[in-house]
file entry-v8.cif (mmCIF, C-alpha atoms)
data_coords
#
loop_
_atom_site.group_PDB
_atom_site.id
_atom_site.type_symbol
_atom_site.label_atom_id
_atom_site.label_comp_id
_atom_site.auth_asym_id
_atom_site.auth_seq_id
_atom_site.Cartn_x
_atom_site.Cartn_y
_atom_site.Cartn_z
ATOM 1 C CA MET A 4 0.000 0.000 0.000
ATOM 2 C CA ARG A 5 1.033 3.582 -0.573
ATOM 3 C CA PRO A 6 2.259 5.519 2.497
ATOM 4 C CA LEU A 7 -0.318 8.326 2.126
ATOM 5 C CA PHE A 8 -3.126 5.799 1.848
ATOM 6 C CA ASN A 9 -1.821 4.003 4.956
ATOM 7 C CA ILE A 10 -1.849 7.268 6.913
ATOM 8 C CA LEU A 11 -5.425 7.948 5.828
ATOM 9 C CA LEU A 12 -6.632 4.419 6.446
ATOM 10 C CA PHE A 13 -4.956 3.675 9.767
ATOM 11 C CA ARG A 14 -4.378 7.081 11.342
ATOM 12 C CA LYS A 15 -7.000 9.544 10.100
ATOM 13 C CA LEU A 16 -10.051 7.432 9.332
ATOM 14 C CA PRO A 17 -10.491 6.105 12.883
ATOM 15 C CA LEU A 18 -10.697 9.709 14.107
ATOM 16 C CA TYR A 19 -13.932 10.217 12.149
ATOM 17 C CA HIS A 20 -15.560 7.428 14.135
ATOM 18 C CA GLY A 21 -15.499 6.598 17.777
ATOM 19 C CA PRO A 22 -16.391 8.858 20.663
ATOM 20 C CA LEU A 23 -18.196 12.107 19.970
ATOM 21 C CA VAL A 24 -18.262 15.229 22.109
ATOM 22 C CA LYS A 25 -20.617 18.180 22.204
ATOM 23 C CA ILE A 26 -19.680 21.825 21.948
ATOM 24 C CA ARG A 27 -22.304 24.253 23.248
ATOM 25 C CA LEU A 28 -22.007 27.861 22.236
ATOM 26 C CA GLN A 29 -23.345 30.237 24.881
ATOM 27 C CA PRO A 30 -25.443 32.338 25.080
ATOM 28 C CA SER A 31 -26.804 31.457 21.611
ATOM 29 C CA GLY A 32 -27.401 27.829 22.632
ATOM 30 C CA CYS A 33 -26.082 26.346 19.366
ATOM 31 C CA GLU A 34 -24.818 22.809 19.881
ATOM 32 C CA TYR A 35 -22.407 20.828 17.719
ATOM 33 C CA THR A 36 -21.468 17.159 17.888
ATOM 34 C CA VAL A 37 -17.843 16.622 16.873
ATOM 35 C CA SER A 38 -15.432 13.723 16.692
ATOM 36 C CA LYS A 39 -13.436 13.755 19.917
ATOM 37 C CA GLY A 40 -10.424 12.325 18.096
ATOM 38 C CA LEU A 41 -10.380 14.995 15.380
ATOM 39 C CA LEU A 42 -10.834 17.809 17.863
ATOM 40 C CA CYS A 43 -8.241 16.568 20.332
ATOM 41 C CA GLU A 44 -5.713 15.719 17.614
ATOM 42 C CA GLN A 45 -5.551 19.410 16.693
ATOM 43 C CA SER A 46 -6.021 21.131 20.053
ATOM 44 C CA PRO A 47 -4.027 20.638 23.238
ATOM 45 C CA VAL A 48 -6.653 22.715 25.058
ATOM 46 C CA PHE A 49 -9.519 20.420 24.060
ATOM 47 C CA THR A 50 -7.293 17.420 24.791
ATOM 48 C CA ALA A 51 -6.811 18.660 28.355
ATOM 49 C CA MET A 52 -10.532 19.324 28.725
ATOM 50 C CA PHE A 53 -11.787 15.993 27.389
ATOM 51 C CA TRP A 54 -9.003 13.707 28.678
ATOM 52 C CA GLY A 55 -8.114 15.466 31.920
ATOM 53 C CA ARG A 56 -9.803 15.659 35.282
ATOM 54 C CA PHE A 57 -12.241 18.340 34.223
ATOM 55 C CA ARG A 58 -16.032 18.304 34.145
ATOM 56 C CA GLU A 59 -15.830 18.207 30.332
ATOM 57 C CA ALA A 60 -14.065 14.835 30.488
ATOM 58 C CA GLN A 61 -16.864 13.353 32.588
ATOM 59 C CA GLU A 62 -19.759 14.858 30.639
ATOM 60 C CA GLN A 63 -18.098 14.929 27.187
ATOM 61 C CA VAL A 64 -19.590 18.400 26.727
ATOM 62 C CA VAL A 65 -17.862 21.766 26.663
ATOM 63 C CA GLU A 66 -19.574 25.141 26.913
ATOM 64 C CA ILE A 67 -17.845 27.924 25.037
ATOM 65 C CA GLN A 68 -18.772 31.555 25.564
ATOM 66 C CA GLU A 69 -19.234 33.703 22.488
ATOM 67 C CA MET A 70 -16.674 36.486 22.283
ATOM 68 C CA THR A 71 -16.881 39.281 19.733
ATOM 69 C CA GLY A 72 -14.246 38.889 17.032
ATOM 70 C CA VAL A 73 -13.072 35.505 18.362
ATOM 71 C CA VAL A 74 -15.803 32.980 19.129
ATOM 72 C CA SER A 75 -19.027 33.021 17.125
ATOM 73 C CA LYS A 76 -21.327 30.591 15.389
ATOM 74 C CA HIS A 77 -19.514 31.307 12.111
ATOM 75 C CA SER A 78 -15.984 30.854 13.458
ATOM 76 C CA LEU A 79 -16.892 27.636 15.281
ATOM 77 C CA GLU A 80 -18.618 26.198 12.206
ATOM 78 C CA ALA A 81 -15.599 27.143 10.073
ATOM 79 C CA LEU A 82 -13.319 25.400 12.567
ATOM 80 C CA ILE A 83 -15.445 22.241 12.524
ATOM 81 C CA GLN A 84 -15.507 22.314 8.719
ATOM 82 C CA TRP A 85 -11.721 22.598 8.709
ATOM 83 C CA LEU A 86 -11.382 19.697 11.175
ATOM 84 C CA TYR A 87 -13.351 17.378 8.905
ATOM 85 C CA LEU A 88 -12.377 18.646 5.439
ATOM 86 C CA ASP A 89 -8.985 20.271 6.012
ATOM 87 C CA SER A 90 -10.046 23.257 3.919
ATOM 88 C CA LEU A 91 -11.331 26.785 4.450
ATOM 89 C CA LYS A 92 -14.433 28.135 2.767
ATOM 90 C CA PHE A 93 -16.632 31.015 3.793
ATOM 91 C CA ASP A 94 -20.066 31.538 2.286
ATOM 92 C CA TRP A 95 -19.852 35.287 1.937
ATOM 93 C CA HIS A 96 -19.991 37.180 -1.342
ATOM 94 C CA ASP A 97 -18.202 40.205 0.087
ATOM 95 C CA PRO A 98 -14.408 39.709 0.253
ATOM 96 C CA GLU A 99 -14.190 41.934 3.348
ATOM 97 C CA GLU A 100 -16.556 39.590 5.204
ATOM 98 C CA CYS A 101 -14.492 36.588 4.052
ATOM 99 C CA ILE A 102 -11.334 38.184 5.443
ATOM 100 C CA GLU A 103 -13.071 39.122 8.703
ATOM 101 C CA SER A 104 -14.290 35.521 9.060
ATOM 102 C CA ALA A 105 -10.814 34.137 8.373
ATOM 103 C CA ILE A 106 -9.288 36.462 10.966
ATOM 104 C CA GLU A 107 -11.939 35.470 13.502
ATOM 105 C CA LEU A 108 -11.219 31.791 12.765
ATOM 106 C CA ALA A 109 -7.496 32.413 13.307
ATOM 107 C CA ARG A 110 -8.255 34.018 16.674
ATOM 108 C CA LEU A 111 -10.473 31.079 17.677
ATOM 109 C CA ALA A 112 -7.791 28.599 16.635
ATOM 110 C CA ASP A 113 -5.176 30.533 18.607
ATOM 111 C CA LYS A 114 -7.415 30.534 21.699
ATOM 112 C CA TYR A 115 -7.547 26.727 21.630
ATOM 113 C CA GLY A 116 -3.944 26.120 20.565
ATOM 114 C CA ILE A 117 -4.747 24.921 17.049
ATOM 115 C CA THR A 118 -1.636 25.854 15.092
ATOM 116 C CA ARG A 119 -1.902 23.776 11.923
ATOM 117 C CA ILE A 120 -4.645 26.046 10.547
ATOM 118 C CA GLU A 121 -2.530 29.233 10.653
ATOM 119 C CA SER A 122 -0.761 28.897 7.304
ATOM 120 C CA GLN A 123 -4.003 27.952 5.520
ATOM 121 C CA THR A 124 -5.771 30.969 7.031
ATOM 122 C CA ALA A 125 -2.952 33.327 6.039
ATOM 123 C CA GLU A 126 -2.925 31.879 2.511
ATOM 124 C CA TYR A 127 -6.719 32.257 2.258
ATOM 125 C CA ILE A 128 -6.507 35.925 3.282
ATOM 126 C CA LYS A 129 -3.659 36.543 0.829
ATOM 127 C CA GLU A 130 -5.543 34.894 -2.054
ATOM 128 C CA THR A 131 -8.693 36.881 -1.250
ATOM 129 C CA ILE A 132 -6.763 40.154 -1.241
ATOM 130 C CA ILE A 133 -4.958 39.354 -4.499
ATOM 131 C CA ALA A 134 -8.178 38.246 -6.223
ATOM 132 C CA ASN A 135 -9.875 41.501 -5.210
ATOM 133 C CA GLN A 136 -7.171 44.079 -5.869
ATOM 134 C CA LEU A 137 -8.269 47.501 -6.955
ATOM 135 C CA ARG A 138 -7.805 47.902 -10.691
ATOM 136 C CA GLY A 139 -6.035 50.812 -12.328
ATOM 137 C CA ASP A 140 -7.877 53.736 -13.878
ATOM 138 C CA ASP A 141 -7.906 54.651 -17.584
ATOM 139 C CA ASN A 142 -4.281 55.793 -17.303
ATOM 140 C CA ASP A 143 -3.215 52.494 -15.663
ATOM 141 C CA ARG A 144 -2.632 54.213 -12.339
ATOM 142 C CA VAL A 145 -3.215 51.790 -9.467
ATOM 143 C CA PRO A 146 -4.156 53.225 -6.062
ATOM 144 C CA SER A 147 -1.430 52.864 -3.443
ATOM 145 C CA ASN A 148 -3.741 50.795 -1.225
ATOM 146 C CA SER A 149 -4.677 48.300 -3.969
ATOM 147 C CA ASN A 150 -3.565 45.338 -1.833
ATOM 148 C CA THR A 151 -4.778 46.541 1.554
ATOM 149 C CA HIS A 152 -8.135 48.193 0.902
ATOM 150 C CA LEU A 153 -9.936 45.109 2.276
ATOM 151 C CA LEU A 154 -8.157 45.277 5.630
ATOM 152 C CA ALA A 155 -9.550 47.398 8.418
ATOM 153 C CA GLU A 156 -7.325 49.161 10.937
ATOM 154 C CA GLU A 157 -8.285 46.647 13.655
ATOM 155 C CA ASP A 158 -7.172 43.770 11.373
ATOM 156 C CA ILE A 159 -3.714 45.264 11.049
ATOM 157 C CA VAL A 160 -3.502 45.926 14.797
ATOM 158 C CA SER A 161 -4.539 42.307 15.461
ATOM 159 C CA ALA A 162 -1.815 41.040 13.132
ATOM 160 C CA LEU A 163 0.787 43.152 14.902
ATOM 161 C CA MET A 164 -0.267 41.669 18.246
ATOM 162 C CA LEU A 165 0.279 38.058 17.154
ATOM 163 C CA PRO A 166 3.108 36.289 18.996
ATOM 164 C CA ARG A 167 6.499 36.550 17.314
ATOM 165 C CA TRP A 168 6.614 32.797 16.763
ATOM 166 C CA ALA A 169 3.313 32.654 14.862
ATOM 167 C CA PRO A 170 3.972 31.391 11.320
ATOM 168 C CA SER A 171 1.795 34.079 9.770
ATOM 169 C CA THR A 172 3.789 37.014 11.166
ATOM 170 C CA PRO A 173 6.808 38.645 9.528
ATOM 171 C CA CYS A 174 8.752 38.122 12.768
ATOM 172 C CA SER A 175 8.605 34.364 12.334
ATOM 173 C CA ARG A 176 11.060 34.718 9.472
ATOM 174 C CA ARG A 177 14.613 34.358 10.664
ATOM 175 C CA GLY A 178 16.217 37.601 11.736
ATOM 176 C CA LEU A 179 13.479 39.932 10.536
ATOM 177 C CA CYS A 180 12.374 40.935 14.032
ATOM 178 C CA GLN A 181 15.864 42.056 14.968
ATOM 179 C CA ARG A 182 16.080 44.189 11.812
ATOM 180 C CA VAL A 183 12.640 45.723 12.437
ATOM 181 C CA SER A 184 13.479 46.397 16.106
ATOM 182 C CA SER A 185 16.785 48.068 15.248
ATOM 183 C CA LYS A 186 15.091 50.372 12.717
ATOM 184 C CA ARG A 187 12.538 51.483 15.310
ATOM 185 C CA LYS A 188 15.286 52.647 17.677
ATOM 186 C CA VAL A 189 16.569 55.177 15.180
#

call {"tool": "encode", "arguments": {"input": "entry-v8.cif", "output": "structure tokens"}}
result
Amino acid sequence: MRPLFNILLFRKLPLYHGPLVKIRLQPSGCEYTVSKGLLCEQSPVFTAMFWGRFREAQEQVVEIQEMTGVVSKHSLEALIQWLYLDSLKFDWHDPEECIESAIELARLADKYGITRIESQTAEYIKETIIANQLRGDDNDRVPSNSNTHLLAEEDIVSALMLPRWAPSTPCSRRGLCQRVSSKRKV
């Protein structure tokens, strides 16, 4: 058998079956049933909750409080979709709403220690921005903000507040933080 097929058959497929857990979103009351294996494979926080000595481990239910810009019905559903399909898709027609949803998903993933989604989220945002660049006028002049017009000020501030080790930040590239820091001192 091929190695990739073996990984799917013996490592991933069993995660889709087996014990299920419930996630309750409060105060909206939405409830989701999710594979415990898939959820815990990606999140050390959920692993601690469902395998530790917490109430969640006994009841196999976790209550999550909605938090503006971080935890919402949309971000949780996007996370569950990603767990099962390993892909990101947002059902918005407006690119700004797609970017906002991707940023909210990244915040939710960060809150629960889910790191494997970061590069996909950053790539999704980049592709959305590139696909929706402002076009030049009749004289082929392109506005200076043609790549950033979809980002709000709070999105940029959020990106700057990411930890230095996060793969989606410029500081994660070797040596860049030191160069940026030294320029700021001038």

call {"tool": "atom_distance", "arguments": {"input": "entry-v8.cif", "atom1": "atom CA of A:Trp54", "atom2": "atom CA of A:Pro22"}}
result
11.9 Å

call {"tool": "closest_residue", "arguments": {"input": "entry-v8.cif", "among": "A:Leu88, A:Ala134, A:Ile83, A:Val74", "to": "A:Thr36", "atoms": "all atoms listed in the file"}}
result
A:Ile83

call {"tool": "residues_around", "arguments": {"input": "entry-v8.cif", "residues": "A:Lys114", "least_positions_apart": "5", "cutoff": "9 Å", "atoms": "all atoms listed in the file", "output": "list of chain:residue names"}}
result
A:Val48, A:Val73, A:Ala109

call {"tool": "atom_distance", "arguments": {"input": "entry-v8.cif", "atom1": "atom CA of A:Leu41", "atom2": "atom CA of A:Glu100"}}
result
27.3 Å

call {"tool": "atom_distance", "arguments": {"input": "entry-v8.cif", "atom1": "atom CA of A:Thr118", "atom2": "atom CA of A:Gln63"}}
result
23.2 Å

call {"tool": "residues_near_point", "arguments": {"input": "entry-v8.cif", "point": "(-11.4, 28.5, 13.6)", "cutoff": "6 Å", "atoms": "all atoms listed in the file", "output": "compact mmCIF listing (two decimals) with C-alpha atoms, in the coordinates of the input"}}
result
# COMPACT_ATOMS: atom_id res chain seq x y z
CA SER A 78 -15.98 30.85 13.46
CA LEU A 79 -16.89 27.64 15.28
CA ALA A 81 -15.60 27.14 10.07
CA LEU A 82 -13.32 25.40 12.57
CA LEU A 108 -11.22 31.79 12.76
CA ALA A 109 -7.50 32.41 13.31
CA LEU A 111 -10.47 31.08 17.68
CA ALA A 112 -7.79 28.60 16.64

call {"tool": "closest_residue", "arguments": {"input": "entry-v8.cif", "among": "A:Met52, A:Cys43, A:Ile106, A:Ile133", "to": "A:Leu86", "atoms": "all atoms listed in the file"}}
result
A:Cys43

call {"tool": "resolve_selection", "arguments": {"input": "entry-v8.cif", "expression": "the PyMOL selection byres ((chain A and resi 65) around 10)", "output": "PyMOL selection string"}}
result
chain A and resi 24-28+34+49+52-53+58-60+62-64+66-68

call {"tool": "axis_aligned_box", "arguments": {"input": "entry-v8.cif", "around": "stretch 110-120 of chain A", "padding_each_side": "6 Å", "output": "JSON"}}
result
{"center_x": -6.1, "center_y": 28.9, "center_z": 16.1, "size_x": 20.8, "size_y": 22.2, "size_z": 23.2}

call {"tool": "resolve_selection", "arguments": {"input": "entry-v8.cif", "expression": "the PyMOL selection byres ((chain A and resi 45) around 8)", "output": "ChimeraX atom specification"}}
result
/A:41-44,46-47,116-119

call {"tool": "resolve_selection", "arguments": {"input": "entry-v8.cif", "expression": "the PyMOL selection byres ((chain A and resi 121-126) around 7)", "output": "list in words"}}
result
Ala105, Ala109, Thr118, Arg119, Ile120, Tyr127, Ile128, Lys129, Glu130, Pro170 and Ser171 of chain A

call {"tool": "closest_residue", "arguments": {"input": "entry-v8.cif", "among": "A:Ser38, A:Ser31, A:Ser90, A:Thr50", "to": "A:Ser75", "atoms": "all atoms listed in the file"}}
result
A:Ser31
